file start-v2.pdb (PDB, C-alpha atoms)
MODEL        1
ATOM      1  CA  SER A   1     181.607 182.589  70.128
ATOM      2  CA  ASN A   2     183.037 179.096  70.540
ATOM      3  CA  ILE A   3     185.018 179.352  67.284
ATOM      4  CA  SER A   4     188.612 180.145  68.147
ATOM      5  CA  THR A   5     189.933 180.489  64.607
ATOM      6  CA  GLY A   6     188.386 180.887  61.167
ATOM      7  CA  THR A   7     184.875 181.952  60.380
ATOM      8  CA  LEU A   8     181.386 180.530  60.915
ATOM      9  CA  ASN A   9     181.220 179.648  57.213
ATOM     10  CA  ASP A  10     184.393 177.596  57.613
ATOM     11  CA  ALA A  11     182.673 175.571  60.325
ATOM     12  CA  ARG A  12     179.642 174.776  58.180
ATOM     13  CA  LEU A  13     179.577 171.522  56.154
ATOM     14  CA  SER A  14     180.574 172.065  52.559
ATOM     15  CA  ALA A  15     181.284 170.015  49.464
ATOM     16  CA  ASN A  16     184.765 169.401  50.841
ATOM     17  CA  VAL A  17     183.421 167.461  53.828
ATOM     18  CA  THR A  18     182.834 163.695  53.422
ATOM     19  CA  LEU A  19     180.256 162.039  55.637
ATOM     20  CA  LEU A  20     181.476 158.653  56.833
ATOM     21  CA  GLY A  21     178.017 157.116  57.010
ATOM     22  CA  ALA A  22     177.117 154.090  59.069
ATOM     23  CA  SER A  23     179.487 151.341  60.094
ATOM     24  CA  PRO A  24     178.884 147.916  58.540
ATOM     25  CA  THR A  25     177.237 145.373  60.824
ATOM     26  CA  TYR A  26     177.733 141.637  61.189
ATOM     27  CA  SER A  27     174.953 139.083  61.743
ATOM     28  CA  GLY A  28     176.523 135.686  61.086
ATOM     29  CA  ILE A  29     178.118 133.204  58.689
ATOM     30  CA  SER A  30     177.143 129.943  57.042
ATOM     31  CA  PRO A  31     178.622 127.403  57.243
ATOM     32  CA  THR A  32     180.434 127.908  60.541
ATOM     33  CA  THR A  33     183.029 125.184  59.895
ATOM     34  CA  ALA A  34     185.588 124.544  57.160
ATOM     35  CA  LEU A  35     188.273 121.960  56.459
ATOM     36  CA  PRO A  36     191.930 123.000  56.865
ATOM     37  CA  SER A  37     193.757 124.153  53.718
ATOM     38  CA  THR A  38     190.591 123.707  51.656
ATOM     39  CA  ALA A  39     188.976 126.543  49.693
ATOM     40  CA  THR A  40     185.495 127.006  51.150
ATOM     41  CA  ASN A  41     182.640 129.365  50.304
ATOM     42  CA  ILE A  42     181.365 131.205  53.386
ATOM     43  CA  THR A  43     178.266 133.418  53.262
ATOM     44  CA  VAL A  44     178.456 136.478  55.528
ATOM     45  CA  THR A  45     175.309 138.382  56.461
ATOM     46  CA  GLY A  46     175.000 141.853  57.952
ATOM     47  CA  THR A  47     174.310 145.367  56.672
ATOM     48  CA  GLY A  48     176.121 148.137  54.860
ATOM     49  CA  PHE A  49     178.093 145.953  52.437
ATOM     50  CA  THR A  50     179.386 147.460  49.196
ATOM     51  CA  ALA A  51     181.597 146.313  46.346
ATOM     52  CA  THR A  52     184.612 147.836  48.117
ATOM     53  CA  THR A  53     183.919 146.469  51.608
ATOM     54  CA  ILE A  54     186.925 144.578  53.032
ATOM     55  CA  PHE A  55     186.406 141.170  54.664
ATOM     56  CA  GLU A  56     189.063 139.406  56.727
ATOM     57  CA  LEU A  57     189.459 136.391  58.973
ATOM     58  CA  VAL A  58     191.273 137.135  62.221
ATOM     59  CA  SER A  59     192.451 134.096  64.148
ATOM     60  CA  THR A  60     192.313 133.965  67.931
ATOM     61  CA  ALA A  61     196.121 133.952  67.727
ATOM     62  CA  GLY A  62     196.063 137.239  65.798
ATOM     63  CA  ALA A  63     196.830 136.055  62.261
ATOM     64  CA  ILE A  64     194.895 137.807  59.487
ATOM     65  CA  ILE A  65     193.702 135.926  56.403
ATOM     66  CA  THR A  66     192.409 137.651  53.282
ATOM     67  CA  PRO A  67     189.740 135.784  51.293
ATOM     68  CA  ASN A  68     190.629 134.320  47.905
ATOM     69  CA  SER A  69     187.618 136.181  46.509
ATOM     70  CA  VAL A  70     184.560 138.111  47.681
ATOM     71  CA  THR A  71     181.248 138.208  45.804
ATOM     72  CA  LEU A  72     178.726 140.894  46.738
ATOM     73  CA  ASN A  73     175.263 139.313  46.746
ATOM     74  CA  SER A  74     173.499 142.350  48.201
ATOM     75  CA  ALA A  75     174.014 145.097  50.759
ATOM     76  CA  THR A  76     173.299 142.455  53.416
ATOM     77  CA  SER A  77     175.092 139.384  52.047
ATOM     78  CA  VAL A  78     178.443 138.421  50.546
ATOM     79  CA  THR A  79     180.060 135.123  49.676
ATOM     80  CA  MET A  80     183.748 134.907  50.440
ATOM     81  CA  ASN A  81     185.972 132.038  49.355
ATOM     82  CA  VAL A  82     188.578 131.363  52.040
ATOM     83  CA  THR A  83     191.434 128.979  52.688
ATOM     84  CA  ALA A  84     192.670 128.747  56.269
ATOM     85  CA  THR A  85     194.659 126.470  58.520
ATOM     86  CA  GLY A  86     193.226 124.940  61.677
ATOM     87  CA  GLY A  87     191.895 127.226  64.375
ATOM     88  CA  THR A  88     189.015 129.567  65.148
ATOM     89  CA  TYR A  89     188.489 132.919  63.451
ATOM     90  CA  PHE A  90     186.682 136.217  63.990
ATOM     91  CA  ILE A  91     185.107 137.915  60.976
ATOM     92  CA  ARG A  92     186.264 141.510  60.422
ATOM     93  CA  ILE A  93     184.430 143.867  58.045
ATOM     94  CA  GLU A  94     185.620 147.343  56.998
ATOM     95  CA  ASN A  95     184.083 149.837  54.606
ATOM     96  CA  ASP A  96     186.283 152.089  52.488
ATOM     97  CA  SER A  97     185.357 154.944  54.847
ATOM     98  CA  GLY A  98     187.433 153.220  57.522
ATOM     99  CA  LEU A  99     184.446 152.282  59.667
ATOM    100  CA  ALA A 100     184.687 148.629  60.716
ATOM    101  CA  THR A 101     183.149 145.921  62.852
ATOM    102  CA  ARG A 102     184.151 142.461  64.028
ATOM    103  CA  SER A 103     182.182 139.416  65.131
ATOM    104  CA  THR A 104     181.856 139.194  68.897
ATOM    105  CA  ASN A 105     182.852 135.538  68.838
ATOM    106  CA  ALA A 106     185.278 133.498  66.762
ATOM    107  CA  ASP A 107     182.436 132.109  64.651
ATOM    108  CA  LEU A 108     184.448 130.189  62.053
ATOM    109  CA  SER A 109     186.049 126.925  63.131
ATOM    110  CA  VAL A 110     188.576 125.332  60.769
ATOM    111  CA  SER A 111     189.107 121.699  61.682
ATOM    112  CA  GLN A 112     189.221 118.158  60.376
ATOM    113  CA  ALA A 113     185.929 116.334  59.949
ATOM    114  CA  PRO A 114     185.467 112.924  61.582
ATOM    115  CA  SER A 115     186.816 109.891  59.769
ATOM    116  CA  PHE A 116     185.826 106.283  60.441
ATOM    117  CA  SER A 117     188.507 103.683  61.069
ATOM    118  CA  THR A 118     185.962 100.860  61.018
ATOM    119  CA  SER A 119     185.269  99.751  57.448
ATOM    120  CA  ALA A 120     181.780 100.101  56.042
ATOM    121  CA  GLY A 121     179.721  96.969  55.536
ATOM    122  CA  THR A 122     179.281  93.945  57.724
ATOM    123  CA  LEU A 123     180.233  93.967  61.382
ATOM    124  CA  GLY A 124     179.942  90.188  61.482
ATOM    125  CA  SER A 125     177.535  87.262  61.726
ATOM    126  CA  PHE A 126     176.353  85.919  65.061
ATOM    127  CA  ASP A 127     174.095  83.155  66.301
ATOM    128  CA  ALA A 128     170.701  84.054  67.674
ATOM    129  CA  GLY A 129     170.850  84.601  71.414
ATOM    130  CA  ALA A 130     174.587  85.320  71.390
ATOM    131  CA  SER A 131     176.251  87.977  73.535
ATOM    132  CA  ILE A 132     177.646  90.529  71.082
ATOM    133  CA  ASN A 133     180.194  93.301  71.600
ATOM    134  CA  VAL A 134     181.441  95.053  68.436
ATOM    135  CA  ALA A 135     183.586  98.209  68.360
ATOM    136  CA  ILE A 136     183.093 101.109  65.928
ATOM    137  CA  THR A 137     185.895 103.689  65.823
ATOM    138  CA  ALA A 138     186.242 107.165  64.332
ATOM    139  CA  SER A 139     188.638 110.064  64.907
ATOM    140  CA  SER A 140     188.890 113.816  64.386
ATOM    141  CA  ASP A 141     190.915 116.680  65.871
ATOM    142  CA  SER A 142     188.407 116.704  68.738
ATOM    143  CA  ALA A 143     186.371 114.051  70.560
ATOM    144  CA  VAL A 144     183.839 112.109  68.468
ATOM    145  CA  ASP A 145     180.326 111.079  69.547
ATOM    146  CA  PHE A 146     178.173 108.458  67.824
ATOM    147  CA  SER A 147     174.497 108.024  67.002
ATOM    148  CA  LYS A 148     172.283 105.873  64.774
ATOM    149  CA  THR A 149     170.629 107.917  62.033
ATOM    150  CA  SER A 150     168.688 105.167  60.264
ATOM    151  CA  GLY A 151     168.029 101.438  60.212
ATOM    152  CA  THR A 152     167.521  98.855  62.941
ATOM    153  CA  PHE A 153     169.854  97.095  65.362
ATOM    154  CA  PRO A 154     169.338  93.415  66.109
ATOM    155  CA  GLY A 155     167.016  92.909  69.066
ATOM    156  CA  GLY A 156     168.738  93.208  72.428
ATOM    157  CA  LEU A 157     171.624  95.352  71.118
ATOM    158  CA  SER A 158     172.217  99.035  71.784
ATOM    159  CA  LEU A 159     174.868 101.630  70.998
ATOM    160  CA  GLY A 160     177.002 102.824  73.903
ATOM    161  CA  ASN A 161     177.882 106.443  74.691
ATOM    162  CA  THR A 162     181.686 106.403  74.772
ATOM    163  CA  GLN A 163     183.654 108.791  72.586
ATOM    164  CA  ASN A 164     186.052 107.909  69.727
ATOM    165  CA  THR A 165     185.334 104.180  70.051
ATOM    166  CA  VAL A 166     181.770 103.064  70.712
ATOM    167  CA  TYR A 167     180.394  99.566  71.236
ATOM    168  CA  LEU A 168     177.306  97.966  69.755
ATOM    169  CA  ALA A 169     176.613  95.433  72.453
ATOM    170  CA  GLY A 170     174.055  93.257  74.157
ATOM    171  CA  THR A 171     172.529  89.796  74.115
ATOM    172  CA  ASN A 172     170.508  89.163  70.988
ATOM    173  CA  SER A 173     166.837  88.421  71.439
ATOM    174  CA  GLY A 174     163.689  88.172  69.362
ATOM    175  CA  THR A 175     165.261  87.026  66.089
ATOM    176  CA  SER A 176     163.197  84.104  64.749
ATOM    177  CA  ALA A 177     164.769  83.795  61.286
ATOM    178  CA  THR A 178     168.180  84.523  59.861
ATOM    179  CA  THR A 179     168.179  88.290  59.281
ATOM    180  CA  THR A 180     170.646  90.908  58.111
ATOM    181  CA  PHE A 181     170.111  94.190  59.931
ATOM    182  CA  ASN A 182     171.218  97.390  58.173
ATOM    183  CA  PHE A 183     171.860 100.718  59.877
ATOM    184  CA  THR A 184     173.805 103.964  59.538
ATOM    185  CA  ILE A 185     176.052 105.374  62.254
ATOM    186  CA  ARG A 186     176.922 109.076  62.420
ATOM    187  CA  ALA A 187     180.172 110.354  63.923
ATOM    188  CA  THR A 188     179.978 113.948  65.197
ATOM    189  CA  ASP A 189     182.958 115.913  66.502
ATOM    190  CA  GLN A 190     182.952 118.869  68.895
ATOM    191  CA  GLU A 191     182.780 121.340  65.989
ATOM    192  CA  SER A 192     179.527 119.651  64.864
ATOM    193  CA  GLN A 193     181.154 118.218  61.759
ATOM    194  CA  THR A 194     179.750 114.827  60.804
ATOM    195  CA  ALA A 195     180.486 111.671  58.861
ATOM    196  CA  ASP A 196     178.040 108.819  58.182
ATOM    197  CA  ARG A 197     178.832 105.183  57.523
ATOM    198  CA  ALA A 198     176.546 102.266  56.654
ATOM    199  CA  PHE A 199     176.954  98.967  58.513
ATOM    200  CA  SER A 200     175.168  95.651  58.725
ATOM    201  CA  MET A 201     175.039  92.702  61.103
ATOM    202  CA  THR A 202     173.615  89.245  60.451
ATOM    203  CA  ILE A 203     171.894  87.115  63.079
ATOM    204  CA  ASN A 204     171.827  83.432  62.103
ATOM    205  CA  VAL A 205     168.957  81.256  63.249
ATOM    206  CA  GLY A 206     169.459  77.513  62.868
ATOM    207  CA  MET A 207     166.772  74.851  62.961
ATOM    208  CA  GLN A 208     167.094  74.347  66.724
ATOM    209  CA  GLU A 209     166.824  78.076  67.477
ATOM    210  CA  SER A 210     163.899  78.589  65.088
ATOM    211  CA  MET A 211     161.902  75.807  66.789
ATOM    212  CA  ARG A 212     161.862  77.906  69.964
ATOM    213  CA  PHE A 213     159.504  80.347  68.266
ATOM    214  CA  ILE A 214     157.002  77.730  67.090
TER     215      ILE A 214
ENDMDL
END
call {"tool": "encode", "arguments": {"input": "start-v2.pdb", "output": "C-alpha cells"}}
result
Amino acid sequence: SNISTGTLNDARLSANVTLLGASPTYSGISPTTALPSTATNITVTGTGFTATTIFELVSTAGAIITPNSVTLNSATSVTMNVTATGGTYFIRIENDSGLATRSTNADLSVSQAPSFSTSAGTLGSFDAGASINVAITASSDSAVDFSKTSGTFPGGLSLGNTQNTVYLAGTNSGTSATTTFNFTIRATDQESQTADRAFSMTINVGMQESMRFI
C-alpha cells in the first residue's frame, strides 16, 4: 500500500539491480614518510581492495595526486608507487562501485630527511684533562634532534640537547693512555626521518699525564 506507482514485482530486487557491497576500509600505511619528488613504494592496508580500486593522495591543501602504479597484493594490502612534493597527505580509497573512504589523518608526510653539515670522521685531538666543546650540525625542513646510537664518548664528555646544532662538551677525565674514541650520532627530524654519521675523537696522554695514573 506504500507503493505509489508501479507494481510490487517492480519493487522486488531483480537481475537489473546491482548491490554496491561494502565500502573499502583503511588501516594504515608503511612507511609514513617519503622524500620530495622521489618515487616511493607505500604499502596501504585495509579491507575490500580489488584490482580496480582507486587510490589517491589528497594533500591538506586539497591537491590530488594519482600513484604512478598500484599493485594489488591481496584484498587487504596494496603497494602504490607515488611521487609527491612536500606536504602531508590523506589516503583516499574508492571502489568501482563508488563507495569510498579516506584516512582520518594526513598519514603520509613528504619532507626532506636530515643532512649533516659536520663532516664524518675525526672531531679533533685533545690533551687528557682538557675542556672540550665541539659542535655537530645537521639540518632538515624541520627541527633536528641528536642522539648517540653506538660507541663511547671520552670520559667526562656528554652530548647536549639543543636542536640543529648540538655540542659534545665537558672536561675529559679517566683517560690513562692515548685513545681514539669512536661513536655514531643520529640526527632525527620532526617527521621521524633519520640520518647517522660516524665520528671519532682522540684523547692524547703524554708521559706527564700518564704518570698520574701510576
call {"tool": "closest_atom_pairs", "arguments": {"input": "start-v2.pdb", "of": "range 13-121 of chain A", "to": "range 138-157 of chain A", "cutoff": "8 Å", "atoms": "only C-alpha atoms", "output": "CSV"}}
result
residue,atom,partner,partner_atom,distance
A:Ser111,CA,A:Asp141,CA,6.8
A:Gln112,CA,A:Ser140,CA,5.9
A:Ala113,CA,A:Ser140,CA,5.9
A:Pro114,CA,A:Ser140,CA,4.5
A:Ser115,CA,A:Ala138,CA,5.3
A:Phe116,CA,A:Ala138,CA,4.0
A:Ser117,CA,A:Ala138,CA,5.3
A:Thr118,CA,A:Ala138,CA,7.1
call {"tool": "atom_distance", "arguments": {"input": "start-v2.pdb", "atom1": "CA of Val78 in chain A", "atom2": "CA of Thr43 in chain A"}}
result
5.7 Å
call {"tool": "residues_around", "arguments": {"input": "start-v2.pdb", "residues": "Thr178 in chain A", "least_positions_apart": "6", "cutoff": "10 Å", "atoms": "all atoms listed in the file", "output": "PyMOL selection string"}}
result
chain A and resi 125-128+202-206+210
call {"tool": "atom_distance", "arguments": {"input": "start-v2.pdb", "atom1": "CA of Glu191 in chain A", "atom2": "CA of Asp107 in chain A"}}
result
10.9 Å
call {"tool": "closest_residue", "arguments": {"input": "start-v2.pdb", "among": "A:Leu108, A:Ala169, A:Ile54, A:Ile42", "to": "Asn81 in chain A", "atoms": "all atoms listed in the file"}}
result
A:Ile42
call {"tool": "atom_distance", "arguments": {"input": "start-v2.pdb", "atom1": "CA of Thr162 in chain A", "atom2": "CA of Ala198 in chain A"}}
result
19.3 Å
call {"tool": "residues_around", "arguments": {"input": "start-v2.pdb", "residues": "Leu57 in chain A", "least_positions_apart": "4", "cutoff": "6 Å", "atoms": "only C-alpha atoms", "output": "ChimeraX atom specification"}}
result
/A:64-65,89-91
call {"tool": "decode", "arguments": {"input": "start-v2.pdb", "residues": "range 49-65 of chain A", "atoms": "all heavy atoms", "output": "mmCIF file, in the first residue's frame"}}
result
data_model
loop_
_atom_site.group_PDB
_atom_site.id
_atom_site.type_symbol
_atom_site.label_atom_id
_atom_site.label_comp_id
_atom_site.auth_asym_id
_atom_site.auth_seq_id
_atom_site.Cartn_x
_atom_site.Cartn_y
_atom_site.Cartn_z
ATOM 1 N N PHE A 49 39.841 -4.357 -0.978
ATOM 2 C CA PHE A 49 40.592 -3.905 -2.150
ATOM 3 C C PHE A 49 40.404 -4.889 -3.305
ATOM 4 O O PHE A 49 40.373 -6.104 -3.114
ATOM 5 C CB PHE A 49 42.082 -3.791 -1.837
ATOM 6 C CG PHE A 49 42.421 -2.856 -0.696
ATOM 7 C CD1 PHE A 49 43.663 -2.936 -0.078
ATOM 8 C CD2 PHE A 49 41.518 -1.903 -0.258
ATOM 9 C CE1 PHE A 49 43.993 -2.086 0.964
ATOM 10 C CE2 PHE A 49 41.832 -1.044 0.788
ATOM 11 C CZ PHE A 49 43.070 -1.145 1.404
ATOM 12 N N THR A 50 40.300 -4.340 -4.503
ATOM 13 C CA THR A 50 40.223 -5.149 -5.723
ATOM 14 C C THR A 50 41.186 -4.574 -6.746
ATOM 15 O O THR A 50 41.821 -3.539 -6.518
ATOM 16 C CB THR A 50 38.798 -5.145 -6.319
ATOM 17 O OG1 THR A 50 38.527 -3.841 -6.874
ATOM 18 C CG2 THR A 50 37.744 -5.490 -5.268
ATOM 19 N N ALA A 51 41.260 -5.244 -7.892
ATOM 20 C CA ALA A 51 42.172 -4.797 -8.948
ATOM 21 C C ALA A 51 41.741 -3.459 -9.534
ATOM 22 O O ALA A 51 42.549 -2.764 -10.169
ATOM 23 C CB ALA A 51 42.247 -5.852 -10.051
ATOM 24 N N THR A 52 40.489 -3.072 -9.331
ATOM 25 C CA THR A 52 40.002 -1.806 -9.893
ATOM 26 C C THR A 52 39.835 -0.712 -8.835
ATOM 27 O O THR A 52 39.332 0.373 -9.148
ATOM 28 C CB THR A 52 38.653 -2.028 -10.607
ATOM 29 O OG1 THR A 52 37.713 -2.596 -9.690
ATOM 30 C CG2 THR A 52 38.822 -2.951 -11.802
ATOM 31 N N THR A 53 40.227 -0.996 -7.608
ATOM 32 C CA THR A 53 40.128 0.014 -6.545
ATOM 33 C C THR A 53 41.037 1.204 -6.876
ATOM 34 O O THR A 53 42.180 1.025 -7.318
ATOM 35 C CB THR A 53 40.516 -0.584 -5.184
ATOM 36 O OG1 THR A 53 39.635 -1.669 -4.882
ATOM 37 C CG2 THR A 53 40.415 0.466 -4.083
ATOM 38 N N ILE A 54 40.536 2.400 -6.649
ATOM 39 C CA ILE A 54 41.282 3.642 -6.926
ATOM 40 C C ILE A 54 41.928 4.131 -5.636
ATOM 41 O O ILE A 54 41.282 4.221 -4.594
ATOM 42 C CB ILE A 54 40.341 4.720 -7.490
ATOM 43 C CG1 ILE A 54 39.751 4.263 -8.820
ATOM 44 C CG2 ILE A 54 41.081 6.051 -7.647
ATOM 45 C CD1 ILE A 54 38.636 5.161 -9.319
ATOM 46 N N PHE A 55 43.209 4.471 -5.716
ATOM 47 C CA PHE A 55 43.949 5.026 -4.578
ATOM 48 C C PHE A 55 44.467 6.409 -4.964
ATOM 49 O O PHE A 55 44.991 6.596 -6.061
ATOM 50 C CB PHE A 55 45.107 4.119 -4.176
ATOM 51 C CG PHE A 55 44.670 2.800 -3.615
ATOM 52 C CD1 PHE A 55 44.340 1.752 -4.465
ATOM 53 C CD2 PHE A 55 44.574 2.606 -2.248
ATOM 54 C CE1 PHE A 55 43.909 0.535 -3.950
ATOM 55 C CE2 PHE A 55 44.155 1.391 -1.731
ATOM 56 C CZ PHE A 55 43.820 0.357 -2.585
ATOM 57 N N GLU A 56 44.329 7.358 -4.048
ATOM 58 C CA GLU A 56 44.782 8.722 -4.297
ATOM 59 C C GLU A 56 45.409 9.309 -3.042
ATOM 60 O O GLU A 56 45.058 8.928 -1.922
ATOM 61 C CB GLU A 56 43.616 9.626 -4.721
ATOM 62 C CG GLU A 56 42.957 9.240 -6.028
ATOM 63 C CD GLU A 56 41.701 10.062 -6.290
ATOM 64 O OE1 GLU A 56 41.003 10.399 -5.321
ATOM 65 O OE2 GLU A 56 41.432 10.337 -7.478
ATOM 66 N N LEU A 57 46.333 10.238 -3.246
ATOM 67 C CA LEU A 57 46.830 11.076 -2.161
ATOM 68 C C LEU A 57 46.115 12.413 -2.249
ATOM 69 O O LEU A 57 46.029 13.005 -3.325
ATOM 70 C CB LEU A 57 48.339 11.304 -2.293
ATOM 71 C CG LEU A 57 49.251 10.078 -2.355
ATOM 72 C CD1 LEU A 57 50.707 10.533 -2.433
ATOM 73 C CD2 LEU A 57 49.035 9.175 -1.161
ATOM 74 N N VAL A 58 45.619 12.889 -1.121
ATOM 75 C CA VAL A 58 44.943 14.181 -1.072
ATOM 76 C C VAL A 58 45.684 15.048 -0.066
ATOM 77 O O VAL A 58 45.711 14.748 1.132
ATOM 78 C CB VAL A 58 43.464 14.044 -0.669
ATOM 79 C CG1 VAL A 58 42.789 15.415 -0.674
ATOM 80 C CG2 VAL A 58 42.739 13.074 -1.605
ATOM 81 N N SER A 59 46.310 16.114 -0.550
ATOM 82 C CA SER A 59 47.086 16.964 0.342
ATOM 83 C C SER A 59 46.174 17.771 1.246
ATOM 84 O O SER A 59 44.986 17.968 0.942
ATOM 85 C CB SER A 59 47.988 17.906 -0.460
ATOM 86 O OG SER A 59 47.238 18.973 -0.995
ATOM 87 N N THR A 60 46.713 18.245 2.357
ATOM 88 C CA THR A 60 45.925 19.079 3.262
ATOM 89 C C THR A 60 45.529 20.389 2.599
ATOM 90 O O THR A 60 44.622 21.072 3.072
ATOM 91 C CB THR A 60 46.722 19.354 4.546
ATOM 92 O OG1 THR A 60 48.026 19.856 4.200
ATOM 93 C CG2 THR A 60 46.884 18.085 5.373
ATOM 94 N N ALA A 61 46.198 20.721 1.485
ATOM 95 C CA ALA A 61 45.835 21.923 0.723
ATOM 96 C C ALA A 61 44.794 21.622 -0.347
ATOM 97 O O ALA A 61 44.306 22.525 -1.017
ATOM 98 C CB ALA A 61 47.083 22.534 0.078
ATOM 99 N N GLY A 62 44.462 20.325 -0.517
ATOM 100 C CA GLY A 62 43.409 19.947 -1.455
ATOM 101 C C GLY A 62 43.878 19.337 -2.755
ATOM 102 O O GLY A 62 43.065 18.841 -3.541
ATOM 103 N N ALA A 63 45.177 19.365 -3.035
ATOM 104 C CA ALA A 63 45.692 18.789 -4.274
ATOM 105 C C ALA A 63 45.558 17.273 -4.259
ATOM 106 O O ALA A 63 45.726 16.640 -3.210
ATOM 107 C CB ALA A 63 47.147 19.179 -4.481
ATOM 108 N N ILE A 64 45.247 16.685 -5.405
ATOM 109 C CA ILE A 64 45.080 15.247 -5.532
ATOM 110 C C ILE A 64 46.204 14.678 -6.393
ATOM 111 O O ILE A 64 46.471 15.179 -7.485
ATOM 112 C CB ILE A 64 43.712 14.893 -6.145
ATOM 113 C CG1 ILE A 64 42.582 15.384 -5.222
ATOM 114 C CG2 ILE A 64 43.585 13.387 -6.379
ATOM 115 C CD1 ILE A 64 41.193 15.193 -5.810
ATOM 116 N N ILE A 65 46.860 13.639 -5.895
ATOM 117 C CA ILE A 65 47.952 13.001 -6.619
ATOM 118 C C ILE A 65 47.583 11.546 -6.876
ATOM 119 O O ILE A 65 47.187 10.815 -5.964
ATOM 120 C CB ILE A 65 49.268 13.088 -5.833
ATOM 121 C CG1 ILE A 65 49.710 14.553 -5.725
ATOM 122 C CG2 ILE A 65 50.351 12.239 -6.479
ATOM 123 C CD1 ILE A 65 50.974 14.746 -4.934
#
